[in-house]
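Visitor: Structure file my_file36.txt (compact mmCIF, N, CA and C atoms) is given on the next line.
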```txt
# COMPACT_ATOMS: atom_id res chain seq x y z
N MET A 1 0.80 18.22 29.90
CA MET A 1 0.04 19.44 29.71
C MET A 1 0.20 19.91 28.27
N ASN A 2 -0.91 20.25 27.64
CA ASN A 2 -0.88 20.75 26.27
C ASN A 2 -0.91 22.28 26.26
N THR A 3 -0.27 22.85 25.27
CA THR A 3 -0.37 24.28 25.03
C THR A 3 -1.28 24.46 23.84
N ARG A 4 -1.58 25.70 23.50
CA ARG A 4 -2.47 25.99 22.37
C ARG A 4 -1.71 26.77 21.30
N ASP A 5 -2.04 26.46 20.01
CA ASP A 5 -1.44 27.24 18.92
C ASP A 5 -2.26 28.51 18.71
N VAL A 6 -1.91 29.31 17.71
CA VAL A 6 -2.58 30.59 17.48
C VAL A 6 -4.06 30.43 17.14
N ASP A 7 -4.45 29.24 16.65
CA ASP A 7 -5.85 28.98 16.32
C ASP A 7 -6.60 28.32 17.47
N GLY A 8 -5.92 28.12 18.60
CA GLY A 8 -6.58 27.52 19.75
C GLY A 8 -6.55 26.00 19.79
N HIS A 9 -5.85 25.36 18.86
CA HIS A 9 -5.76 23.90 18.85
C HIS A 9 -4.74 23.44 19.88
N ALA A 10 -5.02 22.30 20.51
CA ALA A 10 -4.09 21.73 21.48
C ALA A 10 -2.83 21.26 20.77
N VAL A 11 -1.68 21.57 21.35
CA VAL A 11 -0.38 21.17 20.82
C VAL A 11 0.34 20.42 21.94
N PRO A 12 0.70 19.15 21.71
CA PRO A 12 1.41 18.42 22.76
C PRO A 12 2.70 19.12 23.16
N SER A 13 3.03 19.01 24.44
CA SER A 13 4.25 19.65 24.93
C SER A 13 5.49 19.06 24.29
N ALA A 14 5.55 17.75 24.14
CA ALA A 14 6.71 17.09 23.55
C ALA A 14 6.41 16.78 22.09
N ARG A 15 7.16 17.37 21.20
CA ARG A 15 6.98 17.12 19.76
C ARG A 15 7.59 15.79 19.38
N VAL A 16 6.91 15.08 18.49
CA VAL A 16 7.42 13.82 17.96
C VAL A 16 8.29 14.15 16.76
N LYS A 17 9.41 13.48 16.64
CA LYS A 17 10.33 13.74 15.53
C LYS A 17 9.85 13.04 14.26
N PRO A 18 10.12 13.60 13.08
CA PRO A 18 9.75 12.94 11.83
C PRO A 18 10.59 11.68 11.63
N VAL A 19 10.08 10.81 10.78
CA VAL A 19 10.79 9.59 10.41
C VAL A 19 11.05 9.66 8.91
N ILE A 20 12.30 9.50 8.52
CA ILE A 20 12.68 9.51 7.10
C ILE A 20 13.23 8.13 6.77
N THR A 21 12.67 7.52 5.74
CA THR A 21 13.06 6.16 5.37
C THR A 21 13.35 6.12 3.88
N ARG A 22 14.33 5.33 3.52
CA ARG A 22 14.68 5.13 2.11
C ARG A 22 14.45 3.68 1.73
N VAL A 23 13.98 3.45 0.52
CA VAL A 23 13.69 2.09 0.06
C VAL A 23 14.88 1.16 0.25
N GLY A 24 16.07 1.64 -0.03
CA GLY A 24 17.26 0.81 0.08
C GLY A 24 17.63 0.43 1.51
N ASP A 25 16.98 1.07 2.49
CA ASP A 25 17.31 0.81 3.89
C ASP A 25 16.32 -0.12 4.59
N VAL A 26 15.30 -0.61 3.88
CA VAL A 26 14.30 -1.48 4.51
C VAL A 26 14.27 -2.83 3.77
N PRO A 27 13.83 -3.89 4.46
CA PRO A 27 13.79 -5.20 3.81
C PRO A 27 12.79 -5.25 2.66
N GLN A 28 13.09 -6.05 1.67
CA GLN A 28 12.16 -6.32 0.57
C GLN A 28 11.35 -7.56 0.92
N HIS A 29 10.05 -7.50 0.64
CA HIS A 29 9.15 -8.63 0.82
C HIS A 29 8.63 -9.02 -0.55
N GLU A 30 8.15 -10.25 -0.69
CA GLU A 30 7.72 -10.69 -2.02
C GLU A 30 6.67 -11.79 -1.93
N TRP A 31 5.69 -11.72 -2.85
CA TRP A 31 4.78 -12.82 -3.14
C TRP A 31 5.01 -13.18 -4.59
N SER A 32 5.05 -14.46 -4.87
CA SER A 32 5.13 -14.91 -6.25
C SER A 32 4.49 -16.29 -6.32
N SER A 33 3.22 -16.31 -6.71
CA SER A 33 2.50 -17.58 -6.81
C SER A 33 1.34 -17.40 -7.80
N ALA A 34 0.78 -18.51 -8.21
CA ALA A 34 -0.34 -18.47 -9.16
C ALA A 34 -1.56 -17.78 -8.55
N THR A 35 -1.75 -17.90 -7.22
CA THR A 35 -2.94 -17.33 -6.60
C THR A 35 -2.74 -15.90 -6.11
N ARG A 36 -1.49 -15.51 -5.85
CA ARG A 36 -1.22 -14.16 -5.33
C ARG A 36 -0.59 -13.23 -6.35
N GLY A 37 -0.14 -13.78 -7.46
CA GLY A 37 0.56 -12.97 -8.45
C GLY A 37 1.99 -12.75 -8.03
N SER A 38 2.64 -11.81 -8.69
CA SER A 38 4.04 -11.51 -8.42
C SER A 38 4.15 -10.04 -8.03
N VAL A 39 4.59 -9.79 -6.82
CA VAL A 39 4.74 -8.42 -6.33
C VAL A 39 5.85 -8.39 -5.28
N ARG A 40 6.64 -7.32 -5.35
CA ARG A 40 7.64 -7.05 -4.31
C ARG A 40 7.20 -5.76 -3.62
N TRP A 41 7.49 -5.66 -2.31
CA TRP A 41 7.15 -4.43 -1.63
C TRP A 41 8.14 -4.13 -0.51
N TRP A 42 8.18 -2.84 -0.20
CA TRP A 42 9.06 -2.30 0.83
C TRP A 42 8.20 -1.44 1.75
N GLU A 43 8.09 -1.82 3.02
CA GLU A 43 7.34 -1.01 3.99
C GLU A 43 8.23 0.13 4.45
N LEU A 44 7.83 1.35 4.13
CA LEU A 44 8.63 2.53 4.46
C LEU A 44 8.27 3.12 5.82
N ILE A 45 6.98 3.18 6.10
CA ILE A 45 6.48 3.75 7.35
C ILE A 45 5.49 2.77 7.94
N GLY A 46 5.66 2.43 9.20
CA GLY A 46 4.73 1.53 9.88
C GLY A 46 5.31 1.14 11.23
N GLY A 47 4.45 0.98 12.20
CA GLY A 47 4.87 0.71 13.56
C GLY A 47 5.59 -0.60 13.79
N ASP A 48 5.56 -1.54 12.81
CA ASP A 48 6.31 -2.78 12.97
C ASP A 48 7.82 -2.52 12.90
N THR A 49 8.23 -1.52 12.14
CA THR A 49 9.66 -1.30 11.92
C THR A 49 10.14 0.10 12.29
N LYS A 50 9.23 1.03 12.46
CA LYS A 50 9.59 2.42 12.75
C LYS A 50 8.76 2.95 13.91
N PRO A 51 9.23 3.99 14.60
CA PRO A 51 8.45 4.56 15.71
C PRO A 51 7.35 5.49 15.18
N THR A 52 6.38 4.89 14.48
CA THR A 52 5.30 5.66 13.88
C THR A 52 3.95 5.06 14.27
N THR A 53 2.91 5.85 14.11
CA THR A 53 1.54 5.41 14.36
C THR A 53 0.63 5.97 13.28
N GLU A 54 -0.55 5.40 13.17
CA GLU A 54 -1.65 5.90 12.36
C GLU A 54 -1.57 5.66 10.87
N LEU A 55 -0.38 5.38 10.30
CA LEU A 55 -0.27 5.13 8.87
C LEU A 55 0.73 4.02 8.59
N VAL A 56 0.42 3.23 7.57
CA VAL A 56 1.37 2.29 6.98
C VAL A 56 1.54 2.74 5.54
N VAL A 57 2.79 2.96 5.12
CA VAL A 57 3.08 3.45 3.78
C VAL A 57 4.24 2.64 3.21
N GLY A 58 4.10 2.26 1.95
CA GLY A 58 5.19 1.52 1.31
C GLY A 58 5.14 1.66 -0.19
N ILE A 59 6.14 1.05 -0.82
CA ILE A 59 6.22 0.99 -2.29
C ILE A 59 6.05 -0.46 -2.70
N ALA A 60 5.22 -0.70 -3.69
CA ALA A 60 5.06 -2.04 -4.27
C ALA A 60 5.45 -1.97 -5.73
N GLU A 61 5.97 -3.10 -6.23
CA GLU A 61 6.41 -3.17 -7.62
C GLU A 61 5.93 -4.47 -8.24
N ILE A 62 5.24 -4.35 -9.37
CA ILE A 62 4.76 -5.51 -10.11
C ILE A 62 5.57 -5.56 -11.40
N PRO A 63 6.28 -6.68 -11.62
CA PRO A 63 7.19 -6.74 -12.77
C PRO A 63 6.47 -6.85 -14.11
N VAL A 64 7.19 -6.50 -15.15
CA VAL A 64 6.71 -6.66 -16.53
C VAL A 64 6.47 -8.15 -16.78
N GLY A 65 5.34 -8.48 -17.40
CA GLY A 65 5.06 -9.85 -17.78
C GLY A 65 4.53 -10.73 -16.67
N ALA A 66 4.30 -10.18 -15.48
CA ALA A 66 3.76 -10.99 -14.38
C ALA A 66 2.35 -11.44 -14.72
N ASN A 67 2.06 -12.71 -14.43
CA ASN A 67 0.71 -13.24 -14.66
C ASN A 67 -0.28 -12.61 -13.71
N ARG A 68 -1.48 -12.33 -14.23
CA ARG A 68 -2.55 -11.82 -13.37
C ARG A 68 -3.14 -12.99 -12.60
N PRO A 69 -3.23 -12.89 -11.27
CA PRO A 69 -3.84 -13.99 -10.52
C PRO A 69 -5.33 -14.10 -10.83
N PRO A 70 -5.92 -15.28 -10.62
CA PRO A 70 -7.34 -15.47 -10.94
C PRO A 70 -8.28 -14.64 -10.08
N ARG A 71 -7.85 -14.33 -8.86
CA ARG A 71 -8.66 -13.52 -7.94
C ARG A 71 -7.72 -12.52 -7.26
N GLY A 72 -8.29 -11.56 -6.61
CA GLY A 72 -7.50 -10.59 -5.87
C GLY A 72 -7.36 -10.99 -4.41
N HIS A 73 -7.29 -9.99 -3.56
CA HIS A 73 -7.23 -10.20 -2.12
C HIS A 73 -8.13 -9.17 -1.45
N THR A 74 -8.42 -9.40 -0.19
CA THR A 74 -9.23 -8.47 0.59
C THR A 74 -8.54 -8.21 1.93
N HIS A 75 -8.92 -7.12 2.56
CA HIS A 75 -8.53 -6.81 3.93
C HIS A 75 -9.49 -5.76 4.45
N ALA A 76 -9.64 -5.72 5.76
CA ALA A 76 -10.64 -4.84 6.38
C ALA A 76 -10.39 -3.35 6.15
N PRO A 77 -9.15 -2.85 6.26
CA PRO A 77 -9.01 -1.40 6.07
C PRO A 77 -9.03 -1.00 4.60
N ALA A 78 -9.50 0.21 4.37
CA ALA A 78 -9.39 0.81 3.03
C ALA A 78 -7.91 0.97 2.70
N GLU A 79 -7.62 1.07 1.41
CA GLU A 79 -6.24 1.24 0.96
C GLU A 79 -6.21 2.28 -0.15
N VAL A 80 -5.11 3.00 -0.25
CA VAL A 80 -4.91 3.95 -1.34
C VAL A 80 -3.67 3.52 -2.11
N TYR A 81 -3.79 3.55 -3.44
CA TYR A 81 -2.64 3.37 -4.33
C TYR A 81 -2.38 4.70 -5.01
N TYR A 82 -1.11 5.08 -5.12
CA TYR A 82 -0.70 6.19 -5.97
C TYR A 82 0.33 5.62 -6.94
N ILE A 83 0.06 5.73 -8.23
CA ILE A 83 0.93 5.13 -9.24
C ILE A 83 2.14 6.04 -9.46
N VAL A 84 3.31 5.53 -9.08
CA VAL A 84 4.56 6.27 -9.19
C VAL A 84 5.09 6.20 -10.62
N SER A 85 5.06 4.99 -11.21
CA SER A 85 5.54 4.83 -12.58
C SER A 85 4.94 3.56 -13.18
N GLY A 86 4.90 3.54 -14.50
CA GLY A 86 4.38 2.38 -15.21
C GLY A 86 2.92 2.52 -15.58
N ARG A 87 2.42 1.47 -16.23
CA ARG A 87 1.00 1.40 -16.62
C ARG A 87 0.44 0.08 -16.13
N GLY A 88 -0.80 0.10 -15.71
CA GLY A 88 -1.41 -1.12 -15.22
C GLY A 88 -2.91 -1.04 -15.21
N GLU A 89 -3.49 -2.02 -14.55
CA GLU A 89 -4.93 -2.08 -14.32
C GLU A 89 -5.12 -2.49 -12.87
N VAL A 90 -6.21 -2.03 -12.30
CA VAL A 90 -6.61 -2.50 -10.99
C VAL A 90 -8.03 -3.04 -11.11
N MET A 91 -8.24 -4.25 -10.60
CA MET A 91 -9.56 -4.84 -10.54
C MET A 91 -10.06 -4.66 -9.11
N VAL A 92 -11.23 -4.03 -8.98
CA VAL A 92 -11.85 -3.83 -7.67
C VAL A 92 -13.27 -4.37 -7.76
N ASP A 93 -13.54 -5.41 -6.97
CA ASP A 93 -14.87 -6.04 -6.94
C ASP A 93 -15.41 -6.33 -8.34
N GLY A 94 -14.54 -6.89 -9.19
CA GLY A 94 -14.97 -7.34 -10.51
C GLY A 94 -14.89 -6.30 -11.62
N GLU A 95 -14.67 -5.04 -11.29
CA GLU A 95 -14.54 -3.98 -12.29
C GLU A 95 -13.07 -3.66 -12.50
N THR A 96 -12.64 -3.50 -13.76
CA THR A 96 -11.25 -3.22 -14.07
C THR A 96 -11.10 -1.77 -14.51
N TYR A 97 -10.07 -1.11 -13.98
CA TYR A 97 -9.82 0.30 -14.25
C TYR A 97 -8.36 0.47 -14.70
N PRO A 98 -8.12 1.28 -15.75
CA PRO A 98 -6.74 1.52 -16.19
C PRO A 98 -6.00 2.42 -15.21
N LEU A 99 -4.69 2.22 -15.12
CA LEU A 99 -3.84 3.02 -14.23
C LEU A 99 -2.62 3.52 -14.99
N ALA A 100 -2.20 4.73 -14.69
CA ALA A 100 -0.97 5.29 -15.26
C ALA A 100 -0.31 6.17 -14.22
N SER A 101 0.93 6.48 -14.45
CA SER A 101 1.69 7.33 -13.54
C SER A 101 0.90 8.58 -13.19
N GLY A 102 0.83 8.88 -11.90
CA GLY A 102 0.09 10.05 -11.43
C GLY A 102 -1.33 9.77 -10.98
N ASP A 103 -1.85 8.56 -11.25
CA ASP A 103 -3.20 8.21 -10.82
C ASP A 103 -3.22 7.79 -9.35
N ALA A 104 -4.32 8.05 -8.69
CA ALA A 104 -4.55 7.59 -7.32
C ALA A 104 -5.85 6.80 -7.30
N VAL A 105 -5.87 5.75 -6.47
CA VAL A 105 -7.04 4.88 -6.35
C VAL A 105 -7.35 4.70 -4.88
N TRP A 106 -8.60 4.94 -4.46
CA TRP A 106 -9.05 4.60 -3.13
C TRP A 106 -9.81 3.28 -3.23
N ILE A 107 -9.38 2.29 -2.46
CA ILE A 107 -9.99 0.96 -2.49
C ILE A 107 -10.80 0.80 -1.21
N PRO A 108 -12.11 0.58 -1.32
CA PRO A 108 -12.96 0.51 -0.12
C PRO A 108 -12.59 -0.66 0.80
N PRO A 109 -12.96 -0.57 2.06
CA PRO A 109 -12.73 -1.67 2.99
C PRO A 109 -13.36 -2.97 2.47
N ASN A 110 -12.65 -4.06 2.63
CA ASN A 110 -13.11 -5.41 2.28
C ASN A 110 -13.37 -5.64 0.79
N ALA A 111 -12.99 -4.71 -0.06
CA ALA A 111 -13.17 -4.90 -1.51
C ALA A 111 -12.10 -5.88 -2.02
N GLU A 112 -12.52 -6.81 -2.87
CA GLU A 112 -11.54 -7.70 -3.50
C GLU A 112 -10.83 -6.90 -4.60
N HIS A 113 -9.50 -6.91 -4.58
CA HIS A 113 -8.76 -6.10 -5.54
C HIS A 113 -7.41 -6.72 -5.85
N VAL A 114 -6.90 -6.35 -7.03
CA VAL A 114 -5.56 -6.76 -7.46
C VAL A 114 -5.09 -5.78 -8.54
N ALA A 115 -3.81 -5.44 -8.49
CA ALA A 115 -3.21 -4.60 -9.53
C ALA A 115 -2.41 -5.49 -10.47
N HIS A 116 -2.38 -5.11 -11.74
CA HIS A 116 -1.70 -5.91 -12.76
C HIS A 116 -0.93 -4.96 -13.69
N ASN A 117 0.28 -5.35 -14.04
CA ASN A 117 1.12 -4.55 -14.93
C ASN A 117 0.75 -4.86 -16.39
N VAL A 118 0.45 -3.83 -17.17
CA VAL A 118 0.17 -4.02 -18.60
C VAL A 118 1.17 -3.25 -19.46
N GLY A 119 2.21 -2.70 -18.84
CA GLY A 119 3.18 -1.88 -19.56
C GLY A 119 4.48 -2.59 -19.84
N ASP A 120 5.46 -1.81 -20.28
CA ASP A 120 6.77 -2.36 -20.62
C ASP A 120 7.85 -1.94 -19.63
N GLU A 121 7.45 -1.51 -18.45
CA GLU A 121 8.34 -1.21 -17.34
C GLU A 121 7.64 -1.65 -16.05
N PRO A 122 8.37 -1.85 -14.96
CA PRO A 122 7.71 -2.24 -13.71
C PRO A 122 6.62 -1.24 -13.31
N LEU A 123 5.52 -1.74 -12.80
CA LEU A 123 4.46 -0.90 -12.25
C LEU A 123 4.79 -0.66 -10.79
N ARG A 124 5.11 0.59 -10.46
CA ARG A 124 5.47 0.95 -9.08
C ARG A 124 4.36 1.81 -8.48
N LEU A 125 3.92 1.42 -7.30
CA LEU A 125 2.86 2.18 -6.65
C LEU A 125 3.18 2.39 -5.18
N LEU A 126 2.74 3.51 -4.69
CA LEU A 126 2.79 3.81 -3.26
C LEU A 126 1.48 3.31 -2.68
N TYR A 127 1.54 2.57 -1.58
CA TYR A 127 0.31 2.12 -0.92
C TYR A 127 0.23 2.73 0.47
N VAL A 128 -1.01 2.98 0.92
CA VAL A 128 -1.23 3.62 2.22
C VAL A 128 -2.42 2.97 2.90
N PHE A 129 -2.25 2.64 4.18
CA PHE A 129 -3.32 2.15 5.05
C PHE A 129 -3.38 3.06 6.28
N ALA A 130 -4.56 3.34 6.78
CA ALA A 130 -4.72 4.09 8.02
C ALA A 130 -4.71 3.11 9.20
N LYS A 131 -3.57 2.50 9.42
CA LYS A 131 -3.36 1.55 10.52
C LYS A 131 -2.02 1.88 11.18
N ASP A 132 -1.83 1.38 12.39
CA ASP A 132 -0.55 1.61 13.08
C ASP A 132 0.57 0.75 12.53
N ARG A 133 0.24 -0.51 12.18
CA ARG A 133 1.27 -1.48 11.77
C ARG A 133 0.75 -2.32 10.60
N PHE A 134 1.66 -2.73 9.72
CA PHE A 134 1.30 -3.64 8.63
C PHE A 134 0.78 -4.96 9.19
N SER A 135 1.34 -5.39 10.31
CA SER A 135 0.90 -6.66 10.92
C SER A 135 -0.53 -6.59 11.46
N ASP A 136 -1.11 -5.40 11.52
CA ASP A 136 -2.52 -5.25 11.92
C ASP A 136 -3.47 -5.59 10.78
N ILE A 137 -2.95 -5.79 9.58
CA ILE A 137 -3.77 -6.00 8.38
C ILE A 137 -3.77 -7.48 8.05
N THR A 138 -4.96 -8.07 8.01
CA THR A 138 -5.10 -9.49 7.67
C THR A 138 -5.53 -9.59 6.22
N TYR A 139 -4.65 -10.17 5.40
CA TYR A 139 -4.94 -10.39 3.98
C TYR A 139 -5.68 -11.71 3.80
N CYS A 140 -6.71 -11.70 2.99
CA CYS A 140 -7.46 -12.92 2.64
C CYS A 140 -7.38 -13.09 1.12
N PHE A 141 -7.11 -14.30 0.69
CA PHE A 141 -6.99 -14.62 -0.73
C PHE A 141 -8.07 -15.62 -1.10
N PRO A 142 -9.20 -15.16 -1.68
CA PRO A 142 -10.30 -16.07 -2.01
C PRO A 142 -9.88 -17.26 -2.88
N ALA A 143 -8.88 -17.09 -3.75
CA ALA A 143 -8.43 -18.19 -4.61
C ALA A 143 -7.72 -19.29 -3.83
N GLU A 144 -7.34 -19.02 -2.59
CA GLU A 144 -6.65 -20.00 -1.76
C GLU A 144 -7.60 -20.70 -0.79
N GLN A 145 -8.87 -20.36 -0.83
CA GLN A 145 -9.82 -20.98 0.10
C GLN A 145 -10.54 -22.14 -0.52
```
Go through the file and emit its structure as structure tokens.
Guide:
Amino acid sequence: MNTRDVDGHAVPSARVKPVITRVGDVPQHEWSSATRGSVRWWELIGGDTKPTTELVVGIAEIPVGANRPPRGHTHAPAEVYYIVSGRGEVMVDGETYPLASGDAVWIPPNAEHVAHNVGDEPLRLLYVFAKDRFSDITYCFPAEQ
């Protein structure tokens, strides 16, 4: 049974507790190849590892001097990048855009995209998908087909 808040919105009887995650407490994942580039990432929020739904959130890091892959990757859900630190570029469907700390990028569904570090420190970005689990996202790499 739901109750109502002061504005009349339904409020579930049992509240779900927040989930707090630290980068140092989750596994690091990595791609490093000519077709995928070099990137490390840490999934902070996602139903594969935490009792969460509706969002996948993590931190990705592209090292200084990493080679830009010849093509990007695609996936069905839209994605958001928020640049935490560093300078880079993002290529989305053939167009390249500069990135700096504090920038946010919305990447449309199925758009081919790749981020590249052009600075002198690691490019760190927060990524977000509106999915329950990271494993729900199928990555396609056109350069590998």
Visitor: Do a neighbour search on stretch 116-128 of chain A at 8 Å with all atoms listed in the file, toss out local chain neighbours closer than 5 positions, and write the hits as an MDAnalysis selection string.
Guide: chainID A and resid 55:69 77:91 101
Visitor: Please work out which residues fall within 8 Å of (-7.1, -5.9, -5.5), coordinates as given in the file, with only N, CA and C atoms counting, and return them as a list in words.
Guide: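 Residues found, by chain and rising number: Arg71, Gly72, His73, Thr74, Val90, Met91, Val92, Asp93, Ala111, Glu112, His113, Val114, Ala115 and His116 of chain A.
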Visitor: Could you turn the residues from that selection into a file that holds N, CA and C atoms, as a PDB file, in the frame of the given file?
Guide:
```
ATOM      1  N   ARG A  71      -7.850 -14.330  -8.860  1.00  0.00           N
ATOM      2  CA  ARG A  71      -8.660 -13.520  -7.940  1.00  0.00           C
ATOM      3  C   ARG A  71      -7.720 -12.520  -7.260  1.00  0.00           C
ATOM      4  N   GLY A  72      -8.290 -11.560  -6.610  1.00  0.00           N
ATOM      5  CA  GLY A  72      -7.500 -10.590  -5.870  1.00  0.00           C
ATOM      6  C   GLY A  72      -7.360 -10.990  -4.410  1.00  0.00           C
ATOM      7  N   HIS A  73      -7.290  -9.990  -3.560  1.00  0.00           N
ATOM      8  CA  HIS A  73      -7.230 -10.200  -2.120  1.00  0.00           C
ATOM      9  C   HIS A  73      -8.130  -9.170  -1.450  1.00  0.00           C
ATOM     10  N   THR A  74      -8.420  -9.400  -0.190  1.00  0.00           N
ATOM     11  CA  THR A  74      -9.230  -8.470   0.590  1.00  0.00           C
ATOM     12  C   THR A  74      -8.540  -8.210   1.930  1.00  0.00           C
ATOM     13  N   VAL A  90      -6.210  -2.030 -12.300  1.00  0.00           N
ATOM     14  CA  VAL A  90      -6.610  -2.500 -10.990  1.00  0.00           C
ATOM     15  C   VAL A  90      -8.030  -3.040 -11.110  1.00  0.00           C
ATOM     16  N   MET A  91      -8.240  -4.250 -10.600  1.00  0.00           N
ATOM     17  CA  MET A  91      -9.560  -4.840 -10.540  1.00  0.00           C
ATOM     18  C   MET A  91     -10.060  -4.660  -9.110  1.00  0.00           C
ATOM     19  N   VAL A  92     -11.230  -4.030  -8.980  1.00  0.00           N
ATOM     20  CA  VAL A  92     -11.850  -3.830  -7.670  1.00  0.00           C
ATOM     21  C   VAL A  92     -13.270  -4.370  -7.760  1.00  0.00           C
ATOM     22  N   ASP A  93     -13.540  -5.410  -6.970  1.00  0.00           N
ATOM     23  CA  ASP A  93     -14.870  -6.040  -6.940  1.00  0.00           C
ATOM     24  C   ASP A  93     -15.410  -6.330  -8.340  1.00  0.00           C
ATOM     25  N   ALA A 111     -12.990  -4.710  -0.060  1.00  0.00           N
ATOM     26  CA  ALA A 111     -13.170  -4.900  -1.510  1.00  0.00           C
ATOM     27  C   ALA A 111     -12.100  -5.880  -2.020  1.00  0.00           C
ATOM     28  N   GLU A 112     -12.520  -6.810  -2.870  1.00  0.00           N
ATOM     29  CA  GLU A 112     -11.540  -7.700  -3.500  1.00  0.00           C
ATOM     30  C   GLU A 112     -10.830  -6.900  -4.600  1.00  0.00           C
ATOM     31  N   HIS A 113      -9.500  -6.910  -4.580  1.00  0.00           N
ATOM     32  CA  HIS A 113      -8.760  -6.100  -5.540  1.00  0.00           C
ATOM     33  C   HIS A 113      -7.410  -6.720  -5.850  1.00  0.00           C
ATOM     34  N   VAL A 114      -6.900  -6.350  -7.030  1.00  0.00           N
ATOM     35  CA  VAL A 114      -5.560  -6.760  -7.460  1.00  0.00           C
ATOM     36  C   VAL A 114      -5.090  -5.780  -8.540  1.00  0.00           C
ATOM     37  N   ALA A 115      -3.810  -5.440  -8.490  1.00  0.00           N
ATOM     38  CA  ALA A 115      -3.210  -4.600  -9.530  1.00  0.00           C
ATOM     39  C   ALA A 115      -2.410  -5.490 -10.470  1.00  0.00           C
ATOM     40  N   HIS A 116      -2.380  -5.110 -11.740  1.00  0.00           N
ATOM     41  CA  HIS A 116      -1.700  -5.910 -12.760  1.00  0.00           C
ATOM     42  C   HIS A 116      -0.930  -4.960 -13.690  1.00  0.00           C
TER      43      HIS A 116
END
```
Visitor: Provide the atom CA of A:Val19 to atom CA of A:Ser135 distance in Å, to one decimal place.
Guide: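 So the two atoms, atom CA of A:Val19 and atom CA of A:Ser135, lie 19.0 Å apart.
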Visitor: Run DSSP on the backbone and give me the residues of chain A it puts in strand (DSSP E), as number ranges by chain.
Guide: A: 3-4, 10-11, 29-33, 37-45, 56-62, 79-85, 87-92, 95-100, 104-107, 113-117, 123-129
Visitor: Would you list the residues near (11.0, 7.8, 5.7), meaning any protein, DNA or RNA residue with an atom at most 9 Å from that point in file coordinates, counting only C-alpha atoms, as a list in words?
Guide: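 All residues meeting the 9 Å criterion around (11.0, 7.8, 5.7) are Pro18, Val19, Ile20, Thr21, Arg22, Val23, Leu44, Ile45 and Lys50 of chain A.
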Visitor: How would the residues just picked look written out with N, CA and C atoms as a short mmCIF file (atom, residue, chain, number, x, y, z; two decimals), in the coordinates of the input?
Guide:
```cif
data_model
loop_
_atom_site.label_atom_id
_atom_site.label_comp_id
_atom_site.auth_asym_id
_atom_site.auth_seq_id
_atom_site.Cartn_x
_atom_site.Cartn_y
_atom_site.Cartn_z
N PRO A 18 10.12 13.60 13.08
CA PRO A 18 9.75 12.94 11.83
C PRO A 18 10.59 11.68 11.63
N VAL A 19 10.08 10.81 10.78
CA VAL A 19 10.79 9.59 10.41
C VAL A 19 11.05 9.66 8.91
N ILE A 20 12.30 9.50 8.52
CA ILE A 20 12.68 9.51 7.10
C ILE A 20 13.23 8.13 6.77
N THR A 21 12.67 7.52 5.74
CA THR A 21 13.06 6.16 5.37
C THR A 21 13.35 6.12 3.88
N ARG A 22 14.33 5.33 3.52
CA ARG A 22 14.68 5.13 2.11
C ARG A 22 14.45 3.68 1.73
N VAL A 23 13.98 3.45 0.52
CA VAL A 23 13.69 2.09 0.06
C VAL A 23 14.88 1.16 0.25
N LEU A 44 7.83 1.35 4.13
CA LEU A 44 8.63 2.53 4.46
C LEU A 44 8.27 3.12 5.82
N ILE A 45 6.98 3.18 6.10
CA ILE A 45 6.48 3.75 7.35
C ILE A 45 5.49 2.77 7.94
N LYS A 50 9.23 1.03 12.46
CA LYS A 50 9.59 2.42 12.75
C LYS A 50 8.76 2.95 13.91
#
```
Visitor: Which distance in Å separates atom CA of A:Arg15 and atom CA of A:Gly47, to one decimal?
Guide: 17.7 Å
Visitor: Work out how far apart atom C of A:Cys140 and atom C of A:Ala76 are and give it in Å to one decimal.
Guide: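 That distance, rounded to one decimal, is 11.4 Å.
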Visitor: Please determine, counting all atoms listed in the file, which residue among A:His75, A:Thr52, A:Gln145, A:Val105 has the shortest atom-to-atom distance to A:Lys131.
Guide: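 Nearest candidate to A:Lys131 out of A:His75, A:Thr52, A:Gln145, A:Val105: A:Thr52.
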